[in-house]
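Participant: Here you go, upload.cif (mmCIF, C-alpha atoms and all ligand atoms):
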```cif
data_entry
loop_
_atom_site.group_PDB
_atom_site.id
_atom_site.type_symbol
_atom_site.label_atom_id
_atom_site.label_comp_id
_atom_site.auth_asym_id
_atom_site.auth_seq_id
_atom_site.Cartn_x
_atom_site.Cartn_y
_atom_site.Cartn_z
ATOM 1 C CA MET A 61 0.000 0.000 0.000
ATOM 2 C CA LEU A 62 2.745 2.436 0.984
ATOM 3 C CA ASP A 63 4.715 1.624 -2.143
ATOM 4 C CA ARG A 64 1.682 2.070 -4.361
ATOM 5 C CA ARG A 65 1.021 5.383 -2.662
ATOM 6 C CA LYS A 66 4.613 6.532 -3.228
ATOM 7 C CA LEU A 67 4.335 5.482 -6.836
ATOM 8 C CA LEU A 68 1.118 7.416 -7.376
ATOM 9 C CA LEU A 69 2.411 10.478 -5.582
ATOM 10 C CA GLY A 70 5.582 10.271 -7.643
ATOM 11 C CA SER A 71 3.573 10.416 -10.836
ATOM 12 C CA ALA A 72 1.456 13.250 -9.437
ATOM 13 C CA ALA A 73 4.683 15.153 -8.780
ATOM 14 C CA LEU A 74 5.852 14.529 -12.332
ATOM 15 C CA ALA A 75 2.528 15.711 -13.703
ATOM 16 C CA LEU A 76 2.851 18.838 -11.585
ATOM 17 C CA SER A 77 6.348 19.694 -12.729
ATOM 18 C CA GLY A 78 5.460 19.219 -16.387
ATOM 19 C CA CYS A 79 2.179 21.053 -16.203
ATOM 20 C CA LYS A 80 1.294 24.587 -17.113
ATOM 21 C CA VAL A 81 -0.379 25.826 -13.963
ATOM 22 C CA PHE A 82 -3.627 27.614 -14.788
ATOM 23 C CA ASP A 83 -3.367 30.512 -12.397
ATOM 24 C CA SER A 84 0.346 31.036 -12.799
ATOM 25 C CA ALA A 85 0.199 34.589 -11.468
ATOM 26 C CA THR A 86 -0.973 33.429 -8.072
ATOM 27 C CA ASP A 87 1.680 31.989 -5.869
ATOM 28 C CA THR A 88 2.398 28.809 -7.812
ATOM 29 C CA THR A 89 5.607 28.099 -5.960
ATOM 30 C CA GLY A 90 3.636 28.197 -2.728
ATOM 31 C CA THR A 91 1.061 25.803 -4.109
ATOM 32 C CA LEU A 92 3.635 23.365 -5.420
ATOM 33 C CA HIS A 93 5.671 23.623 -2.275
ATOM 34 C CA ASN A 94 2.643 22.965 -0.119
ATOM 35 C CA LEU A 95 1.560 20.063 -2.292
ATOM 36 C CA PHE A 96 4.934 18.401 -1.952
ATOM 37 C CA ALA A 97 5.167 19.173 1.738
ATOM 38 C CA SER A 98 1.731 17.704 2.355
ATOM 39 C CA HIS A 99 2.675 14.493 0.576
ATOM 40 C CA GLU A 100 6.123 14.075 2.077
ATOM 41 C CA GLY A 101 5.333 12.733 5.469
ATOM 42 C CA LEU A 102 3.495 15.569 7.189
ATOM 43 C CA THR A 103 0.763 13.767 9.008
ATOM 44 C CA GLN A 104 -2.763 15.023 9.292
ATOM 45 C CA THR A 105 -2.133 15.867 12.949
ATOM 46 C CA THR A 106 0.944 17.940 12.154
ATOM 47 C CA GLN A 107 -0.894 19.767 9.380
ATOM 48 C CA ARG A 108 -3.790 20.456 11.694
ATOM 49 C CA ALA A 109 -1.426 21.800 14.364
ATOM 50 C CA LEU A 110 0.145 24.138 11.792
ATOM 51 C CA ILE A 111 -3.162 25.140 10.229
ATOM 52 C CA GLY A 112 -5.383 25.564 13.294
ATOM 53 C CA ASP A 113 -8.595 27.380 12.404
ATOM 54 C CA ARG A 114 -6.890 29.234 9.597
ATOM 55 C CA LEU A 115 -9.048 30.443 6.706
ATOM 56 C CA ALA A 116 -8.033 29.663 3.137
ATOM 57 C CA PRO A 117 -7.057 32.836 1.214
ATOM 58 C CA GLU A 118 -9.956 34.687 -0.382
ATOM 59 C CA PHE A 119 -9.633 36.776 -3.530
ATOM 60 C CA SER A 120 -11.405 39.622 -5.324
ATOM 61 C CA GLU A 121 -13.633 39.533 -8.434
ATOM 62 C CA ALA A 122 -10.675 40.865 -10.458
ATOM 63 C CA ASP A 123 -8.713 37.699 -9.651
ATOM 64 C CA ILE A 124 -11.248 35.505 -11.508
ATOM 65 C CA ARG A 125 -9.411 35.103 -14.806
ATOM 66 C CA GLN A 126 -11.214 32.167 -16.401
ATOM 67 C CA GLY A 127 -14.120 29.829 -15.831
ATOM 68 C CA GLN A 128 -13.718 26.948 -13.406
ATOM 69 C CA ARG A 129 -12.082 24.191 -15.431
ATOM 70 C CA PRO A 130 -14.347 21.112 -15.296
ATOM 71 C CA ASN A 131 -12.546 17.960 -14.196
ATOM 72 C CA GLY A 132 -13.369 14.346 -13.352
ATOM 73 C CA SER A 133 -17.025 13.600 -14.078
ATOM 74 C CA THR A 134 -18.593 16.431 -16.041
ATOM 75 C CA ASP A 135 -21.903 15.002 -17.258
ATOM 76 C CA PRO A 136 -23.554 12.259 -15.168
ATOM 77 C CA THR A 137 -25.557 9.897 -17.362
ATOM 78 C CA GLY A 138 -27.904 8.243 -14.838
ATOM 79 C CA SER A 139 -31.550 8.540 -15.902
ATOM 80 C CA ASP A 140 -32.700 9.977 -12.543
ATOM 81 C CA TYR A 141 -30.048 12.665 -12.782
ATOM 82 C CA ARG A 142 -30.817 13.466 -16.417
ATOM 83 C CA ARG A 143 -34.530 13.815 -15.685
ATOM 84 C CA MET A 144 -33.829 16.278 -12.851
ATOM 85 C CA ALA A 145 -31.371 18.260 -14.958
ATOM 86 C CA GLU A 146 -34.020 18.713 -17.664
ATOM 87 C CA THR A 147 -36.347 20.399 -15.178
ATOM 88 C CA ALA A 148 -33.794 22.716 -13.553
ATOM 89 C CA PHE A 149 -33.413 20.304 -10.599
ATOM 90 C CA ARG A 150 -36.902 21.109 -9.310
ATOM 91 C CA ASP A 151 -37.219 17.534 -8.043
ATOM 92 C CA TYR A 152 -33.745 17.389 -6.509
ATOM 93 C CA ARG A 153 -33.591 16.541 -2.805
ATOM 94 C CA LEU A 154 -30.566 16.470 -0.534
ATOM 95 C CA THR A 155 -30.796 13.700 2.056
ATOM 96 C CA VAL A 156 -28.989 14.061 5.392
ATOM 97 C CA THR A 157 -28.930 10.751 7.211
ATOM 98 C CA GLY A 158 -26.878 8.349 9.349
ATOM 99 C CA LEU A 159 -25.839 9.297 12.891
ATOM 100 C CA VAL A 160 -28.320 12.178 13.215
ATOM 101 C CA ASN A 161 -31.347 12.735 15.442
ATOM 102 C CA ALA A 162 -33.391 14.543 12.779
ATOM 103 C CA PRO A 163 -32.805 13.208 9.230
ATOM 104 C CA GLN A 164 -33.448 15.856 6.575
ATOM 105 C CA THR A 165 -34.747 15.954 3.017
ATOM 106 C CA LEU A 166 -34.071 19.388 1.512
ATOM 107 C CA SER A 167 -34.981 20.882 -1.860
ATOM 108 C CA LEU A 168 -32.903 23.583 -3.543
ATOM 109 C CA THR A 169 -35.543 26.079 -2.419
ATOM 110 C CA ASP A 170 -35.084 24.920 1.185
ATOM 111 C CA LEU A 171 -31.310 25.307 0.856
ATOM 112 C CA ALA A 172 -31.581 28.744 -0.765
ATOM 113 C CA ALA A 173 -33.764 29.918 2.143
ATOM 114 C CA LEU A 174 -30.931 29.271 4.634
ATOM 115 C CA PRO A 175 -28.320 32.003 5.319
ATOM 116 C CA ALA A 176 -25.870 31.979 2.389
ATOM 117 C CA ARG A 177 -22.129 32.420 2.256
ATOM 118 C CA SER A 178 -20.150 33.615 -0.749
ATOM 119 C CA GLN A 179 -16.378 33.223 -1.145
ATOM 120 C CA ILE A 180 -13.799 33.692 -3.899
ATOM 121 C CA THR A 181 -11.211 30.966 -3.482
ATOM 122 C CA ARG A 182 -8.590 29.031 -5.401
ATOM 123 C CA HIS A 183 -9.221 25.417 -6.347
ATOM 124 C CA ASP A 184 -6.037 23.335 -6.533
ATOM 125 C CA CYS A 185 -6.260 20.017 -8.379
ATOM 126 C CA VAL A 186 -3.669 17.358 -7.573
ATOM 127 C CA GLU A 187 -2.973 17.244 -11.328
ATOM 128 C CA GLY A 188 -1.297 20.634 -11.036
ATOM 129 C CA TRP A 189 -3.767 23.274 -12.183
ATOM 130 C CA SER A 190 -5.612 25.940 -10.194
ATOM 131 C CA CYS A 191 -8.653 28.145 -10.792
ATOM 132 C CA ILE A 192 -10.047 31.056 -8.833
ATOM 133 C CA ALA A 193 -13.833 31.155 -8.712
ATOM 134 C CA LYS A 194 -16.637 32.586 -6.653
ATOM 135 C CA TRP A 195 -18.734 30.036 -4.800
ATOM 136 C CA GLN A 196 -22.066 30.659 -3.188
ATOM 137 C CA GLY A 197 -23.987 28.272 -1.003
ATOM 138 C CA VAL A 198 -24.997 27.303 2.485
ATOM 139 C CA PRO A 199 -22.469 26.497 5.220
ATOM 140 C CA LEU A 200 -22.395 22.726 5.688
ATOM 141 C CA GLY A 201 -22.537 23.284 9.474
ATOM 142 C CA THR A 202 -25.933 24.979 9.122
ATOM 143 C CA VAL A 203 -27.334 21.955 7.288
ATOM 144 C CA LEU A 204 -25.782 19.517 9.757
ATOM 145 C CA ASN A 205 -27.277 21.445 12.673
ATOM 146 C CA LEU A 206 -30.751 20.967 11.165
ATOM 147 C CA ALA A 207 -30.097 17.220 11.247
ATOM 148 C CA GLN A 208 -28.646 17.304 14.789
ATOM 149 C CA PRO A 209 -25.590 15.033 14.619
ATOM 150 C CA LYS A 210 -25.394 12.389 17.330
ATOM 151 C CA ILE A 211 -22.451 12.629 19.730
ATOM 152 C CA THR A 212 -20.934 9.535 18.083
ATOM 153 C CA ALA A 213 -20.741 11.125 14.592
ATOM 154 C CA ARG A 214 -17.164 11.704 13.366
ATOM 155 C CA TYR A 215 -17.328 12.015 9.588
ATOM 156 C CA ALA A 216 -19.571 13.448 6.906
ATOM 157 C CA VAL A 217 -19.676 11.129 3.880
ATOM 158 C CA PHE A 218 -20.830 12.543 0.532
ATOM 159 C CA HIS A 219 -22.596 10.237 -1.928
ATOM 160 C CA CYS A 220 -22.726 11.451 -5.526
ATOM 161 C CA PHE A 221 -24.850 10.879 -8.639
ATOM 162 C CA ASP A 222 -21.973 10.220 -11.045
ATOM 163 C CA ALA A 223 -20.683 6.748 -11.873
ATOM 164 C CA ILE A 224 -16.949 7.454 -12.080
ATOM 165 C CA GLU A 225 -16.170 3.875 -13.003
ATOM 166 C CA ARG A 226 -18.043 1.180 -14.917
ATOM 167 C CA SER A 227 -17.019 -2.427 -15.209
ATOM 168 C CA LEU A 228 -18.526 -5.885 -15.473
ATOM 169 C CA SER A 229 -18.834 -5.944 -11.688
ATOM 170 C CA GLY A 230 -20.971 -2.805 -11.773
ATOM 171 C CA GLU A 231 -20.815 0.965 -11.369
ATOM 172 C CA VAL A 232 -18.813 2.857 -8.763
ATOM 173 C CA PHE A 233 -20.381 6.141 -7.741
ATOM 174 C CA TYR A 234 -18.073 8.935 -6.518
ATOM 175 C CA TYR A 235 -17.818 9.239 -2.746
ATOM 176 C CA GLU A 236 -15.806 11.449 -0.409
ATOM 177 C CA SER A 237 -15.673 12.243 3.283
ATOM 178 C CA ILE A 238 -14.339 14.856 5.686
ATOM 179 C CA ASP A 239 -14.231 14.930 9.466
ATOM 180 C CA LEU A 240 -16.525 17.141 11.507
ATOM 181 C CA ILE A 241 -13.745 19.675 12.164
ATOM 182 C CA ASP A 242 -13.609 20.470 8.460
ATOM 183 C CA ALA A 243 -17.379 20.042 8.119
ATOM 184 C CA TYR A 244 -17.928 22.885 10.588
ATOM 185 C CA HIS A 245 -15.147 25.128 9.215
ATOM 186 C CA ALA A 246 -16.500 28.571 8.227
ATOM 187 C CA GLN A 247 -15.530 28.165 4.557
ATOM 188 C CA THR A 248 -16.952 24.666 4.135
ATOM 189 C CA ILE A 249 -20.112 25.178 2.105
ATOM 190 C CA LEU A 250 -22.553 23.285 -0.061
ATOM 191 C CA ALA A 251 -22.379 25.428 -3.189
ATOM 192 C CA TYR A 252 -25.345 25.869 -5.538
ATOM 193 C CA ALA A 253 -23.927 28.825 -7.493
ATOM 194 C CA MET A 254 -20.599 29.625 -9.159
ATOM 195 C CA ASN A 255 -19.387 32.966 -10.516
ATOM 196 C CA GLY A 256 -22.877 34.388 -10.093
ATOM 197 C CA THR A 257 -24.882 31.732 -11.953
ATOM 198 C CA PRO A 258 -26.494 28.468 -10.846
ATOM 199 C CA LEU A 259 -23.854 25.750 -10.631
ATOM 200 C CA PRO A 260 -23.313 24.335 -14.161
ATOM 201 C CA VAL A 261 -23.686 20.585 -14.716
ATOM 202 C CA ALA A 262 -19.977 20.338 -15.582
ATOM 203 C CA ASN A 263 -19.067 21.683 -12.139
ATOM 204 C CA GLY A 264 -21.395 19.533 -10.056
ATOM 205 C CA ALA A 265 -24.986 20.785 -10.373
ATOM 206 C CA PRO A 266 -27.101 21.182 -8.460
ATOM 207 C CA LEU A 267 -24.960 20.942 -5.285
ATOM 208 C CA ARG A 268 -21.261 20.409 -4.594
ATOM 209 C CA LEU A 269 -18.997 20.603 -1.597
ATOM 210 C CA ARG A 270 -16.342 23.297 -1.139
ATOM 211 C CA VAL A 271 -13.740 22.456 1.486
ATOM 212 C CA GLU A 272 -11.220 25.156 0.823
ATOM 213 C CA ARG A 273 -8.160 23.937 2.715
ATOM 214 C CA GLN A 274 -7.929 20.668 0.838
ATOM 215 C CA LEU A 275 -7.257 19.533 -2.736
ATOM 216 C CA GLY A 276 -9.871 19.475 -5.495
ATOM 217 C CA TYR A 277 -10.771 15.808 -5.284
ATOM 218 C CA LYS A 278 -12.221 16.351 -1.785
ATOM 219 C CA MET A 279 -14.851 18.739 -3.216
ATOM 220 C CA ALA A 280 -17.547 16.223 -4.103
ATOM 221 C CA LYS A 281 -19.784 17.302 -7.006
ATOM 222 C CA TYR A 282 -23.337 16.027 -7.712
ATOM 223 C CA VAL A 283 -24.000 15.351 -4.007
ATOM 224 C CA HIS A 284 -27.344 13.656 -3.257
ATOM 225 C CA THR A 285 -26.766 12.295 0.251
ATOM 226 C CA ILE A 286 -24.716 13.311 3.263
ATOM 227 C CA GLU A 287 -24.293 10.463 5.703
ATOM 228 C CA LEU A 288 -22.844 11.001 9.167
ATOM 229 C CA THR A 289 -20.775 8.035 10.328
ATOM 230 C CA ASP A 290 -18.264 7.041 12.978
ATOM 231 C CA SER A 291 -16.115 5.037 10.546
ATOM 232 C CA PHE A 292 -15.757 4.349 6.829
ATOM 233 C CA ALA A 293 -14.829 0.708 7.179
ATOM 234 C CA SER A 294 -17.842 -0.315 5.095
ATOM 235 C CA LEU A 295 -17.405 2.410 2.441
ATOM 236 C CA GLY A 296 -15.511 1.362 -0.708
ATOM 237 C CA SER A 297 -12.317 -0.357 0.441
ATOM 238 C CA GLY A 298 -12.259 1.527 3.723
ATOM 239 C CA HIS A 299 -10.111 4.641 3.150
ATOM 240 C CA GLY A 300 -13.002 7.082 3.063
ATOM 241 C CA SER A 301 -13.022 8.300 -0.524
ATOM 242 C CA TYR A 302 -12.920 7.142 -4.124
ATOM 243 C CA TRP A 303 -9.412 8.552 -4.587
ATOM 244 C CA ALA A 304 -8.168 7.561 -1.115
ATOM 245 C CA ASP A 305 -9.167 3.998 -1.987
ATOM 246 C CA ARG A 306 -6.848 4.379 -4.998
ATOM 247 C CA GLY A 307 -3.763 5.507 -3.068
ATOM 248 C CA TYR A 308 -4.233 9.253 -2.611
ATOM 249 C CA GLU A 309 -4.298 10.916 0.789
ATOM 250 C CA TRP A 310 -7.634 11.006 2.599
ATOM 251 C CA TYR A 311 -6.598 14.253 4.302
ATOM 252 C CA ALA A 312 -5.434 16.321 1.332
ATOM 253 C CA GLY A 313 -4.432 19.503 3.153
ATOM 254 C CA ILE A 314 -2.906 22.417 1.246
HETATM 255 N N1 LIG B 1 -18.768 13.626 -7.905
HETATM 256 C C1 LIG B 1 -17.538 13.979 -8.281
HETATM 257 N N2 LIG B 1 -16.908 14.937 -7.592
HETATM 258 C C2 LIG B 1 -15.663 15.330 -7.953
HETATM 259 C C3 LIG B 1 -14.977 14.711 -9.034
HETATM 260 C C4 LIG B 1 -15.669 13.695 -9.748
HETATM 261 O O1 LIG B 1 -15.160 13.106 -10.729
HETATM 262 N N3 LIG B 1 -16.947 13.359 -9.340
HETATM 263 N N4 LIG B 1 -13.695 15.122 -9.367
HETATM 264 C C5 LIG B 1 -12.936 15.834 -8.341
HETATM 265 C C6 LIG B 1 -11.748 16.514 -8.831
HETATM 266 S S1 LIG B 1 -10.353 15.567 -9.092
HETATM 267 C C7 LIG B 1 -11.684 17.871 -8.979
HETATM 268 S S2 LIG B 1 -10.248 18.673 -9.376
HETATM 269 C C8 LIG B 1 -12.895 18.682 -8.841
HETATM 270 C C9 LIG B 1 -13.171 19.392 -10.138
HETATM 271 O O2 LIG B 1 -14.212 20.314 -9.964
HETATM 272 P P1 LIG B 1 -14.640 21.184 -11.209
HETATM 273 O O3 LIG B 1 -15.095 20.232 -12.277
HETATM 274 O O4 LIG B 1 -15.688 22.121 -10.763
HETATM 275 O O5 LIG B 1 -13.384 21.928 -11.639
HETATM 276 O O6 LIG B 1 -14.039 17.927 -8.485
HETATM 277 C C10 LIG B 1 -13.806 16.866 -7.622
HETATM 278 N N5 LIG B 1 -15.076 16.322 -7.251
HETATM 279 MO MO MO B 2 -8.604 17.084 -9.086
#
```
Would you give me this structure, written as structure tokens?
Ligand SMILES: Nc1nc2c(c(=O)[nH]1)N[C@H]1C(S)=C(S)[C@@H](COP(=O)(O)O)O[C@H]1N2
Ligand SMILES: [Mo]

Facilitator:
Amino acid sequence: MLDRRKLLLGSAALALSGCKVFDSATDTTGTLHNLFASHEGLTQTTQRALIGDRLAPEFSEADIRQGQRPNGSTDPTGSDYRRMAETAFRDYRLTVTGLVNAPQTLSLTDLAALPARSQITRHDCVEGWSCIAKWQGVPLGTVLNLAQPKITARYAVFHCFDAIERSLSGEVFYYESIDLIDAYHAQTILAYAMNGTPLPVANGAPLRLRVERQLGYKMAKYVHTIELTDSFASLGSGHGSYWADRGYEWYAGI
């Protein structure tokens, strides 16, 4: 496992060094340095100790130089998803379930009625590109409070509409998770708008996670269910996320 991880991270590093970074004017050396540092043995605990409650940098409208580059799944093909997309996600519902006292089913109208937060932040993909975009949505903590997490809850798991992998043994739908420290961080939001328009399908419509102090793959798009758990032993192969199950870090701090 460790060797496979080293191998993968080695190829990520190569991809980074050979890649034209999208937002080259914004502190690329810092980004690259932090990426390497985070993958070279700094544990989650050490990163947390260094980071504390720090906010990710926020930018101004003038720093938005291009659209958010779509990556990973960009057009889920499931028939339920397609039907909702055709009617502007009127029938979309977010389910909040698991270790909660008050499970929730929320429409986009319900979510839009909650206090919103807007932030202009930089998205860093492990492949070596970055984009600055404005994200608007509802703080995840606000939604979790509606559901009243049980004292035993430790993680928020995000289940997504897109089948990222298809094989003879079936479809694998994208999944991610964060701990409740990050879930309640001020900049962790469920975004329904981007750069002033409803979230495009390519970027995760109708609802995607923003967790600004971690890498892009943590920011689950096409979220339909948030499940609070105390472990992810029974999720995928047990590392807590689609990419973590394939050798990447679960805690992808930047
Ligand atoms: N559901 C889902 N979420 C996802 C992905 C995906 O393939 N499916 N890709 C991840 C990766 S690797 C990145 S960099 C970002 C890309 O977000 P964007 O398409 O808005 O740029 O989404 C992340 N979240
Ligand atoms: Mo990514």

Participant: I'd like the neighbourhood of stretch 229-232 of chain A as a list of chain:residue names, where a residue qualifies if any of its atoms comes within 12 Å (using all atoms listed in the file), though same-chain residues fewer than 6 positions away should be ignored.

Facilitator: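 Those residues are A:Thr137, A:Gly138, A:His219, A:Cys220, A:Phe221, A:Asp222, A:Ala223, A:Leu295, A:Gly296, A:Ser297, A:Ser301, A:Tyr302, A:Trp303, A:Asp305.
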
Participant: Run through the PyMOL selection byres (((chain A and resi 163) around 10) and not hetatm) on the given coordinates and return the selected residues as number ranges by chain.

Facilitator: A: 155-162, 164-166, 204, 206-209, 287

Participant: Calculate how many Å separate atom CA of A:Gly132 from atom CA of A:Cys185, rounding to one decimal.

Facilitator: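 According to the coordinates, atom CA of A:Gly132 and atom CA of A:Cys185 are separated by 10.4 Å.
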
Participant: Please produce, as JSON lines, a per-residue contact table for chain A versus ligand LIG 1 (chain B) (criterion: any atom at most 9 Å away, all atoms listed in the file considered), showing the nearest atom pair and its distance in Å to one decimal, sorted by chain then residue number.

Facilitator:
```
{"residue": "A:Gly127", "atom": "CA", "partner": "B:LIG1", "partner_atom": "O5", "distance": 9.0}
{"residue": "A:Gln128", "atom": "CA", "partner": "B:LIG1", "partner_atom": "O5", "distance": 5.3}
{"residue": "A:Arg129", "atom": "CA", "partner": "B:LIG1", "partner_atom": "O5", "distance": 4.6}
{"residue": "A:Pro130", "atom": "CA", "partner": "B:LIG1", "partner_atom": "O3", "distance": 3.2}
{"residue": "A:Asn131", "atom": "CA", "partner": "B:LIG1", "partner_atom": "O3", "distance": 3.9}
{"residue": "A:Gly132", "atom": "CA", "partner": "B:LIG1", "partner_atom": "O1", "distance": 3.4}
{"residue": "A:Ser133", "atom": "CA", "partner": "B:LIG1", "partner_atom": "O1", "distance": 3.9}
{"residue": "A:Thr134", "atom": "CA", "partner": "B:LIG1", "partner_atom": "O3", "distance": 6.4}
{"residue": "A:Pro136", "atom": "CA", "partner": "B:LIG1", "partner_atom": "N1", "distance": 8.8}
{"residue": "A:His183", "atom": "CA", "partner": "B:LIG1", "partner_atom": "S2", "distance": 7.5}
{"residue": "A:Asp184", "atom": "CA", "partner": "B:LIG1", "partner_atom": "S2", "distance": 6.9}
{"residue": "A:Cys185", "atom": "CA", "partner": "B:LIG1", "partner_atom": "S2", "distance": 4.3}
{"residue": "A:Val186", "atom": "CA", "partner": "B:LIG1", "partner_atom": "S2", "distance": 6.9}
{"residue": "A:Glu187", "atom": "CA", "partner": "B:LIG1", "partner_atom": "S2", "distance": 7.7}
{"residue": "A:Trp189", "atom": "CA", "partner": "B:LIG1", "partner_atom": "S2", "distance": 8.4}
{"residue": "A:Ser190", "atom": "CA", "partner": "B:LIG1", "partner_atom": "S2", "distance": 8.7}
{"residue": "A:Cys191", "atom": "CA", "partner": "B:LIG1", "partner_atom": "O5", "distance": 7.9}
{"residue": "A:Phe218", "atom": "CA", "partner": "B:LIG1", "partner_atom": "N1", "distance": 8.8}
{"residue": "A:His219", "atom": "CA", "partner": "B:LIG1", "partner_atom": "N1", "distance": 7.9}
{"residue": "A:Cys220", "atom": "CA", "partner": "B:LIG1", "partner_atom": "N1", "distance": 5.1}
{"residue": "A:Phe221", "atom": "CA", "partner": "B:LIG1", "partner_atom": "N1", "distance": 6.7}
{"residue": "A:Asp222", "atom": "CA", "partner": "B:LIG1", "partner_atom": "N1", "distance": 5.6}
{"residue": "A:Ala223", "atom": "CA", "partner": "B:LIG1", "partner_atom": "N3", "distance": 8.0}
{"residue": "A:Ile224", "atom": "CA", "partner": "B:LIG1", "partner_atom": "O1", "distance": 6.1}
{"residue": "A:Phe233", "atom": "CA", "partner": "B:LIG1", "partner_atom": "N1", "distance": 7.7}
{"residue": "A:Tyr234", "atom": "CA", "partner": "B:LIG1", "partner_atom": "N1", "distance": 4.9}
{"residue": "A:Tyr235", "atom": "CA", "partner": "B:LIG1", "partner_atom": "N1", "distance": 6.8}
{"residue": "A:Glu236", "atom": "CA", "partner": "B:LIG1", "partner_atom": "N2", "distance": 8.1}
{"residue": "A:Leu259", "atom": "CA", "partner": "B:LIG1", "partner_atom": "O4", "distance": 8.9}
{"residue": "A:Pro260", "atom": "CA", "partner": "B:LIG1", "partner_atom": "O4", "distance": 8.6}
{"residue": "A:Val261", "atom": "CA", "partner": "B:LIG1", "partner_atom": "O3", "distance": 8.9}
{"residue": "A:Ala262", "atom": "CA", "partner": "B:LIG1", "partner_atom": "O3", "distance": 5.9}
{"residue": "A:Asn263", "atom": "CA", "partner": "B:LIG1", "partner_atom": "O4", "distance": 3.7}
{"residue": "A:Gly264", "atom": "CA", "partner": "B:LIG1", "partner_atom": "O4", "distance": 6.3}
{"residue": "A:Arg268", "atom": "CA", "partner": "B:LIG1", "partner_atom": "N2", "distance": 7.6}
{"residue": "A:Leu269", "atom": "CA", "partner": "B:LIG1", "partner_atom": "N5", "distance": 8.1}
{"residue": "A:Leu275", "atom": "CA", "partner": "B:LIG1", "partner_atom": "S2", "distance": 7.3}
{"residue": "A:Gly276", "atom": "CA", "partner": "B:LIG1", "partner_atom": "S2", "distance": 4.0}
{"residue": "A:Tyr277", "atom": "CA", "partner": "B:LIG1", "partner_atom": "C5", "distance": 3.7}
{"residue": "A:Lys278", "atom": "CA", "partner": "B:LIG1", "partner_atom": "C10", "distance": 6.1}
{"residue": "A:Met279", "atom": "CA", "partner": "B:LIG1", "partner_atom": "N5", "distance": 4.7}
{"residue": "A:Ala280", "atom": "CA", "partner": "B:LIG1", "partner_atom": "N2", "distance": 3.8}
{"residue": "A:Lys281", "atom": "CA", "partner": "B:LIG1", "partner_atom": "N2", "distance": 3.8}
{"residue": "A:Tyr282", "atom": "CA", "partner": "B:LIG1", "partner_atom": "N1", "distance": 5.2}
{"residue": "A:Val283", "atom": "CA", "partner": "B:LIG1", "partner_atom": "N1", "distance": 6.7}
{"residue": "A:Trp303", "atom": "CA", "partner": "B:LIG1", "partner_atom": "S1", "distance": 8.4}
```

Participant: Got a sec to resolve the PyMOL selection byres (((chain A and resi 239) around 7) and not hetatm) on this structure and send the residues as a VMD selection string?

Facilitator: chain A and resid 214 to 216 237 to 238 240 to 243

Participant: Mind giving me the straight-line distance from atom CA of A:Ile124 to atom CA of A:Gly313 in Å, one decimal?

Facilitator: 22.7 Å

Participant: Expand the PyMOL selection byres (((chain A and resi 174) around 10) and not hetatm) into the explicit residue set it covers here, and present it as a ChimeraX atom specification.

Facilitator: /A:169-173,175-177,197-199,202-203

Participant: Write the selection just made, keeping C-alpha atoms, as an mmCIF file, in the frame of the given file?

Facilitator:
```
data_model
loop_
_atom_site.group_PDB
_atom_site.id
_atom_site.type_symbol
_atom_site.label_atom_id
_atom_site.label_comp_id
_atom_site.auth_asym_id
_atom_site.auth_seq_id
_atom_site.Cartn_x
_atom_site.Cartn_y
_atom_site.Cartn_z
ATOM 1 C CA THR A 169 -35.543 26.079 -2.419
ATOM 2 C CA ASP A 170 -35.084 24.920 1.185
ATOM 3 C CA LEU A 171 -31.310 25.307 0.856
ATOM 4 C CA ALA A 172 -31.581 28.744 -0.765
ATOM 5 C CA ALA A 173 -33.764 29.918 2.143
ATOM 6 C CA PRO A 175 -28.320 32.003 5.319
ATOM 7 C CA ALA A 176 -25.870 31.979 2.389
ATOM 8 C CA ARG A 177 -22.129 32.420 2.256
ATOM 9 C CA GLY A 197 -23.987 28.272 -1.003
ATOM 10 C CA VAL A 198 -24.997 27.303 2.485
ATOM 11 C CA PRO A 199 -22.469 26.497 5.220
ATOM 12 C CA THR A 202 -25.933 24.979 9.122
ATOM 13 C CA VAL A 203 -27.334 21.955 7.288
#
```

Participant: Hey, can you check how far atom CA of A:Gln179 sits from atom CA of A:Gln196?

Facilitator: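 Between these atoms lies a distance of 6.6 Å.
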
Participant: Using all atoms listed in the file for the distances, tell me which of A:Gln274, A:Leu267, A:His299, A:Gln247 is nearest to ligand MO 2 (chain B).

Facilitator: A:Gln274

Participant: May I have the centre and edge lengths, in Å to one decimal, of an axis-aligned box around the listed atoms of stretch 237-245 of chain A with 5 Å added to every side, as AutoDock Vina command-line options?

Facilitator:
```
--center_x -15.8 --center_y 18.7 --center_z 7.7 --size_x 14.3 --size_y 22.9 --size_z 18.9
```

Participant: With all atoms listed in the file as the basis for distance, which of A:Ile211, A:Phe149, A:Leu200, A:Gly256 is at the shortest distance from A:Ile286?

Facilitator: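 Going through A:Ile211, A:Phe149, A:Leu200, A:Gly256 one by one, the smallest distance to A:Ile286 is for A:Leu200.
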
Participant: Nearest residue to ligand MO 2 (chain B) out of A:Trp195, A:Gly188, A:Ala253, A:Glu121, using all atoms listed in the file?

Facilitator: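 Selected residue with least distance to ligand MO 2 (chain B): A:Gly188.
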